$ cat query-v7.pdb   # PDB, C-alpha atoms
ATOM      1  CA  MET A   1      92.830-209.022  13.832
ATOM      2  CA  MET A   2      93.668-205.406  14.546
ATOM      3  CA  ARG A   3      90.801-203.123  13.508
ATOM      4  CA  TYR A   4      92.852-199.975  12.990
ATOM      5  CA  ARG A   5      96.362-199.652  11.689
ATOM      6  CA  PHE A   6      97.826-196.285  12.511
ATOM      7  CA  VAL A   7     100.915-196.672  10.360
ATOM      8  CA  ASP A   8     100.491-197.426   6.669
ATOM      9  CA  GLU A   9     104.169-197.057   5.804
ATOM     10  CA  VAL A  10     107.483-196.376   7.515
ATOM     11  CA  VAL A  11     108.959-193.688   5.268
ATOM     12  CA  SER A  12     112.292-193.364   7.082
ATOM     13  CA  LEU A  13     113.989-194.629  10.226
ATOM     14  CA  ASP A  14     117.274-193.420  11.706
ATOM     15  CA  LEU A  15     118.519-195.097  14.891
ATOM     16  CA  GLY A  16     121.835-193.234  14.905
ATOM     17  CA  ALA A  17     122.923-190.381  17.149
ATOM     18  CA  ARG A  18     119.581-188.564  16.714
ATOM     19  CA  PRO A  19     116.905-191.306  16.514
ATOM     20  CA  ARG A  20     114.022-190.303  14.265
ATOM     21  CA  ILE A  21     111.163-191.968  12.395
ATOM     22  CA  GLU A  22     108.758-190.759   9.735
ATOM     23  CA  VAL A  23     105.584-192.664   8.895
ATOM     24  CA  ALA A  24     102.619-192.137   6.583
ATOM     25  CA  LYS A  25      98.931-192.700   7.265
ATOM     26  CA  THR A  26      95.763-192.096   5.253
ATOM     27  CA  PHE A  27      92.419-192.419   7.033
ATOM     28  CA  ALA A  28      89.795-193.792   4.629
ATOM     29  CA  SER A  29      86.868-191.462   3.991
ATOM     30  CA  GLY A  30      84.264-194.182   4.545
ATOM     31  CA  ASP A  31      85.665-195.349   7.895
ATOM     32  CA  ASP A  32      83.037-195.675  10.638
ATOM     33  CA  ALA A  33      85.423-193.939  13.089
ATOM     34  CA  LEU A  34      84.694-190.734  11.162
ATOM     35  CA  SER A  35      80.946-190.856  11.847
ATOM     36  CA  GLY A  36      81.154-188.998  15.164
ATOM     37  CA  PRO A  37      79.691-185.657  16.194
ATOM     38  CA  LEU A  38      82.186-183.653  14.110
ATOM     39  CA  GLY A  39      81.001-185.279  10.900
ATOM     40  CA  SER A  40      82.727-187.386   8.305
ATOM     41  CA  ASP A  41      84.795-184.601   6.727
ATOM     42  CA  ARG A  42      87.501-184.541   9.422
ATOM     43  CA  VAL A  43      89.635-187.039  11.306
ATOM     44  CA  PRO A  44      88.873-186.815  15.046
ATOM     45  CA  ASN A  45      91.683-185.379  17.175
ATOM     46  CA  SER A  46      91.658-188.599  19.209
ATOM     47  CA  LEU A  47      92.839-190.502  16.115
ATOM     48  CA  VAL A  48      95.471-187.856  15.379
ATOM     49  CA  LEU A  49      96.714-188.216  18.973
ATOM     50  CA  GLU A  50      96.835-191.989  18.498
ATOM     51  CA  LEU A  51      98.930-191.453  15.354
ATOM     52  CA  LEU A  52     101.348-189.288  17.390
ATOM     53  CA  ALA A  53     101.531-191.974  20.090
ATOM     54  CA  MET A  54     102.007-194.871  17.662
ATOM     55  CA  THR A  55     104.737-193.032  15.777
ATOM     56  CA  GLY A  56     106.683-192.319  18.968
ATOM     57  CA  GLY A  57     106.026-195.857  20.166
ATOM     58  CA  HIS A  58     107.442-197.357  16.963
ATOM     59  CA  LEU A  59     110.591-195.298  17.426
ATOM     60  CA  VAL A  60     110.997-196.248  21.104
ATOM     61  CA  PHE A  61     110.402-199.935  20.285
ATOM     62  CA  ARG A  62     113.004-200.004  17.525
ATOM     63  CA  HIS A  63     115.496-197.906  19.473
ATOM     64  CA  GLY A  64     115.207-200.429  22.331
ATOM     65  CA  GLY A  65     116.158-203.302  20.036
ATOM     66  CA  ALA A  66     112.539-204.439  19.447
ATOM     67  CA  ARG A  67     112.650-206.433  22.679
ATOM     68  CA  ARG A  68     109.762-204.930  24.604
ATOM     69  CA  LEU A  69     106.654-203.024  23.527
ATOM     70  CA  PRO A  70     106.584-199.534  25.023
ATOM     71  CA  LEU A  71     103.647-198.377  27.124
ATOM     72  CA  LEU A  72     102.450-194.810  26.616
ATOM     73  CA  LEU A  73     102.654-193.374  30.102
ATOM     74  CA  LYS A  74     101.792-189.714  29.717
ATOM     75  CA  VAL A  75     101.225-186.951  27.175
ATOM     76  CA  PRO A  76     102.460-183.865  29.041
ATOM     77  CA  GLU A  77     101.998-181.607  25.999
ATOM     78  CA  CYS A  78      99.777-181.853  22.945
ATOM     79  CA  ARG A  79      98.599-179.149  20.572
ATOM     80  CA  PHE A  80      96.145-179.463  17.704
ATOM     81  CA  GLU A  81      96.864-176.753  15.160
ATOM     82  CA  GLY A  82      94.908-177.823  12.125
ATOM     83  CA  VAL A  83      92.442-180.327  10.752
ATOM     84  CA  ALA A  84      93.243-183.706   9.225
ATOM     85  CA  ARG A  85      90.879-184.711   6.434
ATOM     86  CA  PRO A  86      89.937-188.230   5.350
ATOM     87  CA  GLY A  87      91.753-189.298   2.209
ATOM     88  CA  GLU A  88      94.742-187.016   2.871
ATOM     89  CA  ARG A  89      98.143-188.608   3.264
ATOM     90  CA  LEU A  90      99.413-187.578   6.688
ATOM     91  CA  ARG A  91     103.070-187.640   7.682
ATOM     92  CA  ALA A  92     103.961-188.263  11.304
ATOM     93  CA  VAL A  93     107.497-187.602  12.506
ATOM     94  CA  ALA A  94     108.928-188.479  15.917
ATOM     95  CA  ALA A  95     112.334-187.805  17.410
ATOM     96  CA  LEU A  96     113.708-189.377  20.551
ATOM     97  CA  ALA A  97     114.370-186.613  23.096
ATOM     98  CA  GLY A  98     115.893-188.828  25.767
ATOM     99  CA  THR A  99     115.949-192.127  27.591
ATOM    100  CA  SER A 100     116.727-193.231  31.120
ATOM    101  CA  SER A 101     117.137-196.645  32.681
ATOM    102  CA  LEU A 102     114.931-197.634  35.612
ATOM    103  CA  SER A 103     116.260-201.174  35.999
ATOM    104  CA  ASP A 104     118.019-203.846  33.953
ATOM    105  CA  ASP A 105     114.880-204.523  31.924
ATOM    106  CA  ALA A 106     112.887-201.271  32.119
ATOM    107  CA  GLY A 107     113.397-197.689  31.121
ATOM    108  CA  MET A 108     111.691-194.424  30.268
ATOM    109  CA  ALA A 109     111.745-192.644  26.941
ATOM    110  CA  GLU A 110     110.556-189.242  25.760
ATOM    111  CA  ALA A 111     109.622-188.514  22.170
ATOM    112  CA  HIS A 112     108.579-185.340  20.408
ATOM    113  CA  ALA A 113     106.160-185.968  17.550
ATOM    114  CA  GLU A 114     104.340-183.994  14.869
ATOM    115  CA  VAL A 115     101.639-184.803  12.331
ATOM    116  CA  TRP A 116     101.665-182.962   9.001
ATOM    117  CA  SER A 117      99.207-182.669   6.142
ATOM    118  CA  GLY A 118     101.222-181.369   3.234
ATOM    119  CA  GLU A 119     103.080-178.310   4.524
ATOM    120  CA  SER A 120     100.628-177.679   7.395
ATOM    121  CA  ARG A 121     101.262-178.993  10.879
ATOM    122  CA  VAL A 122      98.126-180.640  12.233
ATOM    123  CA  ALA A 123      99.360-181.595  15.712
ATOM    124  CA  SER A 124     102.431-181.840  17.896
ATOM    125  CA  GLY A 125     103.142-183.392  21.242
ATOM    126  CA  ARG A 126     105.605-184.575  23.846
ATOM    127  CA  LEU A 127     105.071-188.196  24.865
ATOM    128  CA  LEU A 128     106.502-190.318  27.672
ATOM    129  CA  TYR A 129     106.832-194.091  27.433
ATOM    130  CA  LEU A 130     107.688-196.805  29.938
TER     131      LEU A 130
END
$ encode --input "query-v7.pdb" --output "structure tokens"
Amino acid sequence: MMRYRFVDEVVSLDLGARPRIEVAKTFASGDDALSGPLGSDRVPNSLVLELLAMTGGHLVFRHGGARRLPLLLKVPECRFEGVARPGERLRAVAALAGTSSLSDDAGMAEAHAEVWSGESRVASGRLLYL
């Protein structure tokens, strides 16, 4: 059984000309992952980064026809601009920036993703998948 689920709900998915996904996630206030050195009143940036990566990964997976799970290869850019709090409903949005084929059964994809808490951007990043 998977211990953590980084996507509670797929809010919207568009696989048209400009592929985009929006998901929602709420980290429970009593979760043991929030007992680190920063205290229990904030979601660690590592979990916010994982939310960015999972959101982009969901989009890449669905854009590729759900045939092959993407592998996060690199995070060339990531910026944390705010704090995510336990119990807050976070919105994560990812847009596909481009894809390229490496072979008949493998390719690369780039996604740009953001995590929002209400009207405040918590994090943003550029992610590469294989």
$ resolve_selection --input "query-v7.pdb" --expression "the PyMOL selection byres ((chain A and resi 109) around 6)" --output "PyMOL selection string"
chain A and resi 98-99+108+110+128-129
$ closest_residue --input "query-v7.pdb" --among "A:Ala123, A:Glu81, A:Arg89, A:Leu73" --to "A:Gly107" --atoms "all atoms listed in the file"
A:Leu73
$ atom_distance --input "query-v7.pdb" --atom1 "atom CA of A:Pro19" --atom2 "atom CA of A:Val93"
10.9 Å
$ closest_residue --input "query-v7.pdb" --among "A:Ala106, A:Lys74, A:Ala33, A:Ser12" --to "A:Asn45" --atoms "all atoms listed in the file"
A:Ala33
$ atom_distance --input "query-v7.pdb" --atom1 "atom CA of A:Ser117" --atom2 "atom CA of A:Gly82"
8.8 Å
$ atom_distance --input "query-v7.pdb" --atom1 "atom CA of A:Leu96" --atom2 "atom CA of A:Ala66"
15.1 Å
$ closest_residue --input "query-v7.pdb" --among "A:Met54, A:Leu15, A:Val115, A:Val60" --to "A:Leu90" --atoms "only C-alpha atoms"
A:Val115
$ closest_residue --input "query-v7.pdb" --among "A:Asp41, A:Asp105, A:Glu114, A:Glu50" --to "A:Ala84" --atoms "all atoms listed in the file"
A:Asp41
